[in-house]
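Structure file input-v3.cif; described as mmCIF, C-alpha atoms.
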data_model
#
loop_
_atom_site.label_atom_id
_atom_site.label_comp_id
_atom_site.auth_asym_id
_atom_site.auth_seq_id
_atom_site.Cartn_x
_atom_site.Cartn_y
_atom_site.Cartn_z
CA MET A 149 18.96 -8.93 -17.45
CA SER A 150 21.56 -11.66 -17.81
CA SER A 151 20.15 -15.17 -17.83
CA ASP A 152 22.76 -16.48 -15.37
CA VAL A 153 23.07 -13.59 -12.91
CA ASN A 154 20.80 -12.64 -10.04
CA ARG A 155 20.89 -8.90 -9.42
CA GLN A 156 19.97 -7.94 -5.86
CA ILE A 157 19.48 -4.64 -4.09
CA ILE A 158 20.95 -4.78 -0.60
CA LEU A 159 20.16 -2.53 2.33
CA ARG A 160 23.70 -1.43 3.22
CA GLU A 161 22.80 0.24 6.51
CA LYS A 162 19.73 1.20 8.48
CA PRO A 163 18.85 4.83 7.76
CA VAL A 164 18.98 7.48 10.43
CA GLY A 165 16.81 10.34 9.24
CA LYS A 166 15.68 10.52 5.64
CA LEU A 167 16.19 7.54 3.35
CA GLN A 168 18.99 8.16 0.83
CA PRO A 169 20.29 6.30 -2.28
CA ASN A 170 23.56 5.49 -0.48
CA HIS A 171 21.67 3.31 1.97
CA PHE A 172 21.40 0.72 -0.83
CA ALA A 173 23.78 -1.19 -3.08
CA LEU A 174 23.23 -3.19 -6.28
CA THR A 175 25.05 -6.54 -6.21
CA GLU A 176 25.18 -9.65 -8.39
CA ASN A 177 25.01 -13.27 -7.29
CA THR A 178 24.38 -16.65 -8.85
CA ILE A 179 20.81 -17.77 -9.35
CA PRO A 180 19.75 -20.05 -6.45
CA GLN A 181 18.37 -23.53 -7.05
CA PRO A 182 15.32 -25.00 -5.30
CA ALA A 183 15.35 -27.98 -2.95
CA ASP A 184 12.40 -30.31 -2.40
CA GLY A 185 9.30 -28.33 -1.51
CA GLU A 186 10.74 -25.14 -2.96
CA VAL A 187 10.20 -23.09 -6.11
CA LEU A 188 12.56 -20.89 -8.13
CA ILE A 189 10.74 -17.77 -9.31
CA ARG A 190 11.70 -14.87 -11.59
CA VAL A 191 10.47 -11.53 -10.32
CA ARG A 192 8.45 -9.54 -12.84
CA TYR A 193 7.08 -6.60 -10.83
CA ILE A 194 7.91 -5.24 -7.37
CA SER A 195 5.41 -3.43 -5.17
CA LEU A 196 6.63 -0.22 -3.55
CA ASP A 197 4.89 0.84 -0.36
CA ALA A 198 5.51 3.25 2.50
CA ALA A 199 5.70 0.17 4.73
CA ASN A 200 9.02 -0.71 3.05
CA ARG A 201 10.52 2.19 5.01
CA ALA A 202 8.94 1.10 8.29
CA TRP A 203 10.51 -2.36 7.95
CA MET A 204 13.96 -0.75 8.13
CA GLN A 205 13.20 0.67 11.59
CA GLY A 206 12.45 -2.60 13.33
CA ALA A 207 10.06 -5.51 13.55
CA THR A 208 6.45 -4.71 12.66
CA TYR A 209 4.00 -7.36 11.47
CA ARG A 210 7.08 -8.88 9.85
CA ALA A 211 10.75 -9.13 10.79
CA ALA A 212 12.93 -6.07 10.35
CA VAL A 213 15.13 -5.71 7.29
CA GLU A 214 18.70 -6.01 8.53
CA PRO A 215 21.83 -4.41 7.02
CA ASP A 216 23.58 -6.39 4.26
CA SER A 217 20.41 -8.31 3.41
CA VAL A 218 18.24 -8.18 0.31
CA MET A 219 15.69 -5.39 0.65
CA ALA A 220 12.29 -6.90 1.39
CA GLY A 221 9.22 -6.30 -0.72
CA GLY A 222 6.27 -8.07 -2.28
CA GLY A 223 6.16 -8.86 -5.96
CA ILE A 224 4.56 -10.72 -8.81
CA ALA A 225 6.82 -13.47 -10.10
CA GLU A 226 6.80 -16.32 -12.61
CA VAL A 227 7.69 -19.89 -11.68
CA VAL A 228 10.90 -21.03 -13.40
CA THR A 229 11.56 -24.38 -11.69
CA SER A 230 9.31 -26.16 -9.24
CA LYS A 231 10.13 -28.95 -6.81
CA ALA A 232 6.79 -28.57 -5.06
CA PRO A 233 3.38 -29.99 -5.96
CA GLY A 234 0.83 -27.48 -7.18
CA PHE A 235 3.30 -25.20 -8.95
CA ALA A 236 4.58 -25.49 -12.52
CA PRO A 237 6.79 -23.37 -14.78
CA GLY A 238 4.86 -20.37 -16.07
CA ASP A 239 2.59 -20.05 -13.05
CA LEU A 240 2.22 -16.56 -11.62
CA VAL A 241 2.61 -16.05 -7.89
CA PHE A 242 2.60 -13.28 -5.33
CA ALA A 243 5.27 -13.51 -2.66
CA ASP A 244 7.71 -11.59 -0.51
CA THR A 245 10.22 -11.75 -3.32
CA GLY A 246 12.57 -9.02 -2.19
CA TRP A 247 14.28 -6.59 -4.54
CA GLN A 248 16.00 -9.02 -6.89
CA ASP A 249 15.67 -10.86 -10.20
CA TYR A 250 15.28 -14.38 -8.81
CA THR A 251 14.58 -16.03 -5.50
CA VAL A 252 13.83 -19.48 -4.09
CA LEU A 253 10.95 -19.80 -1.65
CA SER A 254 9.06 -22.57 0.04
CA ALA A 255 5.82 -23.30 -1.75
CA LYS A 256 3.87 -22.44 1.42
CA HIS A 257 4.98 -18.83 1.05
CA LEU A 258 3.57 -18.46 -2.48
CA ILE A 259 0.08 -17.33 -3.46
CA LYS A 260 -0.91 -18.47 -6.93
CA MET A 261 -2.35 -15.62 -9.00
CA PRO A 262 -4.52 -15.60 -12.12
CA HIS A 263 -3.14 -14.49 -15.49
CA ILE A 264 -4.65 -11.03 -15.84
CA GLU A 265 -3.59 -8.24 -18.14
CA PRO A 266 -2.07 -5.95 -17.25
CA LEU A 267 -0.14 -7.97 -14.69
CA THR A 268 0.47 -4.81 -12.68
CA HIS A 269 -3.17 -4.90 -11.58
CA LEU A 270 -2.22 -7.90 -9.44
CA LEU A 271 -0.19 -5.50 -7.28
CA SER A 272 -2.59 -2.56 -7.36
CA VAL A 273 -6.35 -2.96 -7.48
CA TYR A 274 -6.33 -6.79 -7.15
CA GLY A 275 -3.31 -6.89 -4.87
CA ILE A 276 -2.40 -5.65 -1.41
CA ALA A 277 -3.48 -2.06 -2.16
CA GLY A 278 -6.95 -3.02 -3.37
CA LEU A 279 -7.54 -5.56 -0.62
CA THR A 280 -6.37 -3.08 2.02
CA ALA A 281 -8.74 -0.41 0.73
CA TYR A 282 -11.63 -2.87 0.45
CA PHE A 283 -11.42 -4.55 3.84
CA GLY A 284 -10.24 -1.45 5.69
CA LEU A 285 -13.19 0.61 4.52
CA LEU A 286 -15.95 -2.00 4.45
CA ASP A 287 -15.06 -4.47 7.23
CA VAL A 288 -13.15 -2.19 9.63
CA GLY A 289 -14.75 1.16 8.80
CA LYS A 290 -18.18 -0.44 8.32
CA VAL A 291 -19.14 2.42 6.01
CA GLN A 292 -22.82 3.06 5.30
CA PRO A 293 -24.54 4.98 2.47
CA GLY A 294 -24.88 8.70 3.16
CA GLU A 295 -21.96 8.88 5.58
CA THR A 296 -19.06 11.29 5.36
CA VAL A 297 -15.72 9.58 4.77
CA VAL A 298 -12.31 11.22 5.03
CA VAL A 299 -9.15 9.50 3.78
CA SER A 300 -5.56 10.67 4.18
CA ALA A 301 -2.77 10.03 1.65
CA ALA A 302 -5.75 10.10 -0.70
CA ALA A 303 -3.71 10.21 -3.91
CA GLY A 304 -1.66 7.16 -2.95
CA SER A 305 -2.10 3.51 -3.80
CA VAL A 306 -4.58 2.70 -1.03
CA GLY A 307 -6.19 6.09 -0.48
CA SER A 308 -7.13 6.58 -4.13
CA LEU A 309 -9.06 3.29 -4.03
CA VAL A 310 -10.63 3.93 -0.61
CA GLY A 311 -12.18 7.17 -1.82
CA GLN A 312 -13.58 5.61 -4.96
CA ILE A 313 -15.04 2.62 -3.12
CA ALA A 314 -16.66 4.98 -0.62
CA LYS A 315 -18.29 6.83 -3.53
CA ILE A 316 -19.51 3.52 -4.97
CA LYS A 317 -21.09 2.84 -1.57
CA GLY A 318 -22.96 6.14 -1.66
CA CYS A 319 -20.82 8.24 0.67
CA ARG A 320 -19.60 11.82 0.64
CA VAL A 321 -15.80 11.64 0.34
CA ILE A 322 -13.10 14.14 1.29
CA GLY A 323 -9.45 13.40 0.52
CA ILE A 324 -6.38 14.79 2.26
CA ALA A 325 -3.34 15.04 -0.02
CA GLY A 326 -0.18 17.08 -0.51
CA GLY A 327 -0.42 19.89 -3.05
CA ALA A 328 -3.18 21.77 -4.84
CA GLU A 329 -2.61 19.80 -8.05
CA LYS A 330 -3.18 16.45 -6.36
CA CYS A 331 -6.28 17.75 -4.63
CA ALA A 332 -7.75 18.98 -7.92
CA TRP A 333 -6.95 15.60 -9.50
CA LEU A 334 -8.81 13.74 -6.74
CA ILE A 335 -11.94 15.73 -7.51
CA SER A 336 -11.80 15.95 -11.30
CA HIS A 337 -10.41 12.49 -12.09
CA LEU A 338 -11.40 10.19 -9.23
CA GLY A 339 -14.70 11.80 -8.30
CA PHE A 340 -13.99 12.85 -4.70
CA ASP A 341 -16.44 15.46 -3.42
CA ALA A 342 -13.71 17.67 -1.97
CA ALA A 343 -10.04 17.63 -1.01
CA VAL A 344 -7.75 19.38 1.47
CA ASP A 345 -4.11 20.25 0.84
CA TYR A 346 -2.29 19.54 4.08
CA LYS A 347 0.81 21.33 2.78
CA ALA A 348 -1.12 24.61 2.66
CA GLY A 349 -1.37 24.72 6.47
CA ASN A 350 -4.45 25.21 8.65
CA LEU A 351 -5.47 21.59 8.07
CA PHE A 352 -7.99 21.48 10.91
CA LYS A 353 -9.68 24.73 9.90
CA ASN A 354 -9.82 23.85 6.22
CA LEU A 355 -11.09 20.33 6.87
CA ARG A 356 -13.69 21.52 9.35
CA ALA A 357 -15.17 23.82 6.70
CA LEU A 358 -15.74 20.78 4.44
CA VAL A 359 -17.37 18.57 7.08
CA PRO A 360 -20.04 20.75 8.73
CA ASN A 361 -21.84 17.59 9.85
CA GLY A 362 -18.68 15.87 11.08
CA ILE A 363 -16.81 12.73 9.97
CA ASP A 364 -18.38 9.30 10.23
CA VAL A 365 -15.45 7.22 8.95
CA TYR A 366 -11.79 8.25 8.81
CA PHE A 367 -9.37 6.00 6.91
CA ASP A 368 -5.95 6.86 8.34
CA ASN A 369 -2.79 6.26 6.34
CA VAL A 370 -0.53 8.83 7.99
CA GLY A 371 -1.08 9.25 11.75
CA GLY A 372 0.43 12.30 13.45
CA ASP A 373 -1.10 15.76 13.06
CA THR A 374 -3.58 14.59 10.42
CA LEU A 375 -5.04 11.95 12.71
CA GLU A 376 -5.25 14.55 15.47
CA ALA A 377 -7.22 16.95 13.24
CA CYS A 378 -9.67 14.23 12.21
CA LEU A 379 -10.16 12.96 15.77
CA ALA A 380 -11.57 16.32 16.81
CA LEU A 381 -14.05 16.29 13.91
CA MET A 382 -15.37 12.75 14.34
CA ASN A 383 -19.05 12.18 14.97
CA THR A 384 -20.29 10.21 17.95
CA HIS A 385 -19.92 6.49 17.24
CA GLY A 386 -17.58 7.24 14.33
CA ARG A 387 -15.05 4.67 13.12
CA ILE A 388 -11.36 5.11 12.42
CA ALA A 389 -9.54 2.48 10.33
CA CYS A 390 -5.81 2.70 11.11
CA CYS A 391 -3.94 1.45 8.07
CA GLY A 392 -0.53 3.14 8.32
CA ALA A 393 1.48 5.97 9.81
CA VAL A 394 3.66 7.28 7.00
CA SER A 395 4.31 10.52 8.88
CA GLN A 396 6.32 8.43 11.36
CA TYR A 397 8.39 6.41 8.89
CA ASP A 398 10.98 8.64 7.22
CA GLY A 399 12.98 11.09 9.31
CA ALA A 400 11.99 12.53 12.68
CA PRO A 401 8.49 11.38 13.68
CA THR A 402 5.84 14.00 14.28
CA ALA A 403 4.22 14.45 17.68
CA GLY A 404 0.71 13.45 18.57
CA PRO A 405 -2.01 12.83 18.18
CA ARG A 406 -3.52 14.55 21.18
CA GLY A 407 -7.07 13.64 22.14
CA ILE A 408 -6.41 10.00 22.96
CA PRO A 409 -8.12 8.53 24.92
CA GLY A 410 -10.30 11.53 25.77
CA LEU A 411 -12.02 12.04 22.42
CA ILE A 412 -12.36 8.31 21.85
CA THR A 413 -14.20 8.00 25.16
CA ILE A 414 -16.40 11.09 24.84
CA LYS A 415 -17.45 10.33 21.26
CA ARG A 416 -17.56 6.54 21.76
CA LEU A 417 -15.31 6.05 18.74
CA VAL A 418 -14.12 2.72 17.40
CA MET A 419 -10.46 3.01 16.41
CA GLN A 420 -9.06 -0.20 14.94
CA GLY A 421 -5.77 -1.10 13.39
CA PHE A 422 -5.66 -3.87 10.82
CA ILE A 423 -3.29 -5.87 8.65
CA VAL A 424 -4.67 -6.97 5.31
CA MET A 425 -3.27 -10.49 5.64
CA ASP A 426 -5.88 -11.09 8.35
CA TYR A 427 -8.50 -10.97 5.58
CA PHE A 428 -6.81 -13.17 2.99
CA SER A 429 -9.29 -15.97 3.57
CA GLN A 430 -11.97 -13.61 2.22
CA ARG A 431 -10.05 -12.26 -0.75
CA ASP A 432 -12.26 -14.03 -3.31
CA ARG A 433 -15.17 -11.84 -2.19
CA ALA A 434 -13.07 -8.71 -2.51
CA PHE A 435 -11.65 -9.76 -5.87
CA ALA A 436 -15.13 -10.33 -7.31
CA ASP A 437 -16.34 -6.89 -6.23
CA LEU A 438 -13.17 -5.09 -7.33
CA GLN A 439 -13.18 -6.80 -10.72
CA SER A 440 -16.84 -5.89 -11.24
CA TRP A 441 -16.23 -2.24 -10.36
CA VAL A 442 -13.21 -1.99 -12.66
CA ALA A 443 -15.12 -3.61 -15.54
CA SER A 444 -18.04 -1.20 -15.11
CA GLY A 445 -15.77 1.84 -15.01
CA GLN A 446 -16.78 2.74 -11.46
CA LEU A 447 -13.26 2.14 -10.16
CA LYS A 448 -10.29 3.74 -11.91
CA VAL A 449 -6.90 2.07 -11.52
CA GLU A 450 -3.99 4.47 -11.18
CA GLU A 451 -0.50 3.00 -11.56
CA ASP A 452 2.91 4.66 -11.59
CA ILE A 453 5.31 2.18 -13.19
CA ILE A 454 9.08 2.62 -12.93
CA ASP A 455 11.30 0.59 -15.23
CA GLY A 456 14.42 -1.19 -13.97
CA LEU A 457 15.44 -2.96 -10.76
CA GLU A 458 18.32 -0.52 -10.36
CA ASN A 459 15.83 2.35 -10.01
CA THR A 460 13.94 0.78 -7.09
CA PRO A 461 15.69 2.75 -4.29
CA ALA A 462 15.07 6.10 -5.99
CA ALA A 463 11.49 5.08 -6.69
CA LEU A 464 10.87 4.34 -2.99
CA ILE A 465 12.50 7.60 -1.93
CA GLY A 466 10.25 9.43 -4.38
CA LEU A 467 7.17 7.64 -3.08
CA LEU A 468 7.98 8.73 0.48
CA ALA A 469 8.24 12.31 -0.85
CA GLY A 470 4.80 12.02 -2.43
CA GLU A 471 5.83 11.89 -6.09
CA ASN A 472 3.41 9.14 -7.06
CA ARG A 473 -0.26 9.08 -7.90
CA GLY A 474 -1.82 5.71 -7.29
CA LYS A 475 0.22 2.54 -6.97
CA ARG A 476 3.99 2.75 -7.58
CA ILE A 477 5.40 -0.43 -9.13
CA VAL A 478 8.85 -1.34 -10.45
CA LYS A 479 9.12 -3.45 -13.60
CA VAL A 480 12.14 -5.68 -13.10
#

Written form, structure tokens:
Amino acid sequence: MSSDVNRQIILREKPVGKLQPNHFALTENTIPQPADGEVLIRVRYISLDAANRAWMQGATYRAAVEPDSVMAGGGIAEVVTSKAPGFAPGDLVFADTGWQDYTVLSAKHLIKMPHIEPLTHLLSVYGIAGLTAYFGLLDVGKVQPGETVVVSAAAGSVGSLVGQIAKIKGCRVIGIAGGAEKCAWLISHLGFDAAVDYKAGNLFKNLRALVPNGIDVYFDNVGGDTLEACLALMNTHGRIACCGAVSQYDGAPTAGPRGIPGLITIKRLVMQGFIVMDYFSQRDRAFADLQSWVASGQLKVEEDIIDGLENTPAALIGLLAGENRGKRIVKV
């Protein structure tokens, strides 16, 4: 990386259908300089998430990513120059850095982070993925010991943590993932009780065989047909934490789910969507628990680190195809 050039990955056009490498372009610009109240930061690691793809479709909980703009994305960065109180060179921050080497942001958009090794943990277990799993399962799902928990996209950054936290809380855990190898890995490596390969077909039948007493909590990362299958297997007064809908993001969206509102009414289900930023005021509680579980070996951290800013588009495309296990991160 040149010391006087800011490499940026631009979204050239909004994708129609599957995301492709030609939707992006790598450009070079000068490094921006901060004004009063602003901070110049150097991006160290970029978080890749399925939500990156959703942002290209339109406004969600944030503004849409428009053509010819820097691709949006969260990252861990180091302060280079500060013209804002409370930040000094060398500080680590989390911010919506975008896919680039450097950026200038208002200090109010920066979250100061502790110096922890490896730094990548600040994007996985102690970052958005870990906080999403923690609050989605415990505060939204309100999981209780002895309950049956099902999580979709179970080998991904959030799902792999949800399943492990549910086990820590004394639950029986079934993961839904793509491919027999991933399913075996969930059981042998992460300690899930069982797993279902949605790519094998007959998802409802195969899942039903594993939950003879029904599902108490379903942590939904995918929506679509998977949500429909789980809805029909929920217990009365079950809870569904709606975290994402990756089946709707890339390419033609799937139909469904059927059963809404009928099954929700009959079974008196609580189905709640959530955005992790709503819980940021409580992140110290989550961080303390997550750090304790990692230190004790109860919580395994799975990271898939890709080297090089130029490889970020391919890394996101691969994530959407299910290549990763755990959190996918790009080292800039």

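When all atoms listed in the file are used to compute distances to A:Asp249, the closest of the residues A:Val299, A:Ile324, A:Val370, A:Ala225 turns out to be A:Ala225.
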
Near stretch 423-430 of chain A, counting only C-alpha atoms, which residues have an atom at most 10 Å away, once you skip same-chain residues fewer than 2 positions from it, shown as a compact mmCIF listing (two decimals) with C-alpha atoms, keeping the file's coordinate frame?
# COMPACT_ATOMS: atom_id res chain seq x y z
CA TYR A 209 4.00 -7.36 11.47
CA ILE A 276 -2.40 -5.65 -1.41
CA ALA A 277 -3.48 -2.06 -2.16
CA GLY A 278 -6.95 -3.02 -3.37
CA LEU A 279 -7.54 -5.56 -0.62
CA THR A 280 -6.37 -3.08 2.02
CA ALA A 281 -8.74 -0.41 0.73
CA TYR A 282 -11.63 -2.87 0.45
CA PHE A 283 -11.42 -4.55 3.84
CA GLY A 284 -10.24 -1.45 5.69
CA ASP A 287 -15.06 -4.47 7.23
CA CYS A 390 -5.81 2.70 11.11
CA CYS A 391 -3.94 1.45 8.07
CA GLY A 392 -0.53 3.14 8.32
CA GLY A 421 -5.77 -1.10 13.39
CA ASP A 432 -12.26 -14.03 -3.31
CA ARG A 433 -15.17 -11.84 -2.19
CA ALA A 434 -13.07 -8.71 -2.51
CA PHE A 435 -11.65 -9.76 -5.87

Report the closest atom pair, with its distance in Å rounded to one decimal, for each residue of stretch 305-421 of chain A that has an atom no farther than 10 Å from stretch 199-207 of chain A; count only C-alpha atoms, sort by chain and then rising residue number, and write it as a Markdown table.
| residue | atom | partner | partner_atom | distance |
| --- | --- | --- | --- | --- |
| A:Gly392 | CA | A:Ala199 | CA | 7.8 |
| A:Ala393 | CA | A:Ala199 | CA | 8.8 |
| A:Val394 | CA | A:Ala199 | CA | 7.7 |
| A:Gln396 | CA | A:Ala202 | CA | 8.4 |
| A:Tyr397 | CA | A:Ala202 | CA | 5.4 |
| A:Asp398 | CA | A:Arg201 | CA | 6.8 |

Let me know the residues the PyMOL selection byres ((chain A and resi 230-247) around 8) catches in the file above, as a PDB file with C-alpha atoms, keeping the file's coordinate frame.
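Full text of expr05.pdb as output:
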ATOM      1  CA  GLN A 156      19.970  -7.940  -5.860  1.00  0.00           C
ATOM      2  CA  ILE A 157      19.480  -4.640  -4.090  1.00  0.00           C
ATOM      3  CA  ILE A 158      20.950  -4.780  -0.600  1.00  0.00           C
ATOM      4  CA  PRO A 182      15.320 -25.000  -5.300  1.00  0.00           C
ATOM      5  CA  ALA A 183      15.350 -27.980  -2.950  1.00  0.00           C
ATOM      6  CA  ASP A 184      12.400 -30.310  -2.400  1.00  0.00           C
ATOM      7  CA  GLY A 185       9.300 -28.330  -1.510  1.00  0.00           C
ATOM      8  CA  GLU A 186      10.740 -25.140  -2.960  1.00  0.00           C
ATOM      9  CA  VAL A 187      10.200 -23.090  -6.110  1.00  0.00           C
ATOM     10  CA  LEU A 188      12.560 -20.890  -8.130  1.00  0.00           C
ATOM     11  CA  VAL A 191      10.470 -11.530 -10.320  1.00  0.00           C
ATOM     12  CA  ILE A 194       7.910  -5.240  -7.370  1.00  0.00           C
ATOM     13  CA  VAL A 218      18.240  -8.180   0.310  1.00  0.00           C
ATOM     14  CA  MET A 219      15.690  -5.390   0.650  1.00  0.00           C
ATOM     15  CA  ALA A 220      12.290  -6.900   1.390  1.00  0.00           C
ATOM     16  CA  GLY A 221       9.220  -6.300  -0.720  1.00  0.00           C
ATOM     17  CA  GLY A 222       6.270  -8.070  -2.280  1.00  0.00           C
ATOM     18  CA  GLY A 223       6.160  -8.860  -5.960  1.00  0.00           C
ATOM     19  CA  ILE A 224       4.560 -10.720  -8.810  1.00  0.00           C
ATOM     20  CA  ALA A 225       6.820 -13.470 -10.100  1.00  0.00           C
ATOM     21  CA  GLU A 226       6.800 -16.320 -12.610  1.00  0.00           C
ATOM     22  CA  VAL A 227       7.690 -19.890 -11.680  1.00  0.00           C
ATOM     23  CA  VAL A 228      10.900 -21.030 -13.400  1.00  0.00           C
ATOM     24  CA  THR A 229      11.560 -24.380 -11.690  1.00  0.00           C
ATOM     25  CA  GLN A 248      16.000  -9.020  -6.890  1.00  0.00           C
ATOM     26  CA  ASP A 249      15.670 -10.860 -10.200  1.00  0.00           C
ATOM     27  CA  TYR A 250      15.280 -14.380  -8.810  1.00  0.00           C
ATOM     28  CA  THR A 251      14.580 -16.030  -5.500  1.00  0.00           C
ATOM     29  CA  ALA A 255       5.820 -23.300  -1.750  1.00  0.00           C
ATOM     30  CA  HIS A 257       4.980 -18.830   1.050  1.00  0.00           C
ATOM     31  CA  LEU A 258       3.570 -18.460  -2.480  1.00  0.00           C
ATOM     32  CA  ILE A 259       0.080 -17.330  -3.460  1.00  0.00           C
ATOM     33  CA  LYS A 260      -0.910 -18.470  -6.930  1.00  0.00           C
ATOM     34  CA  MET A 261      -2.350 -15.620  -9.000  1.00  0.00           C
ATOM     35  CA  PRO A 262      -4.520 -15.600 -12.120  1.00  0.00           C
ATOM     36  CA  HIS A 263      -3.140 -14.490 -15.490  1.00  0.00           C
ATOM     37  CA  LEU A 457      15.440  -2.960 -10.760  1.00  0.00           C
ATOM     38  CA  THR A 460      13.940   0.780  -7.090  1.00  0.00           C
TER      39      THR A 460
END

Quiz item: Given the choices A:Lys448, A:Lys166, A:His269, A:Arg160, which gets closest to A:Lys315 if the distance is worked out from all atoms listed in the file?
Solution: A:Lys448

Exercise. Select all residues near (9.6, -5.2, -13.2) (cut-off 6 Å, inclusive, file coordinates), counting all atoms listed in the file, and output them as a list of chain:residue names.
Key: A:Arg192, A:Tyr193, A:Val478, A:Lys479, A:Val480

Output for the residues just chosen: C-alpha atoms as a PDB file, keeping the file's coordinate frame:
ATOM      1  CA  ARG A 192       8.450  -9.540 -12.840  1.00  0.00           C
ATOM      2  CA  TYR A 193       7.080  -6.600 -10.830  1.00  0.00           C
ATOM      3  CA  VAL A 478       8.850  -1.340 -10.450  1.00  0.00           C
ATOM      4  CA  LYS A 479       9.120  -3.450 -13.600  1.00  0.00           C
ATOM      5  CA  VAL A 480      12.140  -5.680 -13.100  1.00  0.00           C
TER       6      VAL A 480
END

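Counting only C-alpha atoms, the residue from A:Val321, A:Gly275, A:Ile412, A:Leu270 that sits nearest to A:Pro293 is A:Val321.
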
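Of the listed residues (A:Ala332, A:Val359, A:Leu351, A:Ser272), A:Val359 comes nearest to A:Thr296; the distances count only C-alpha atoms.
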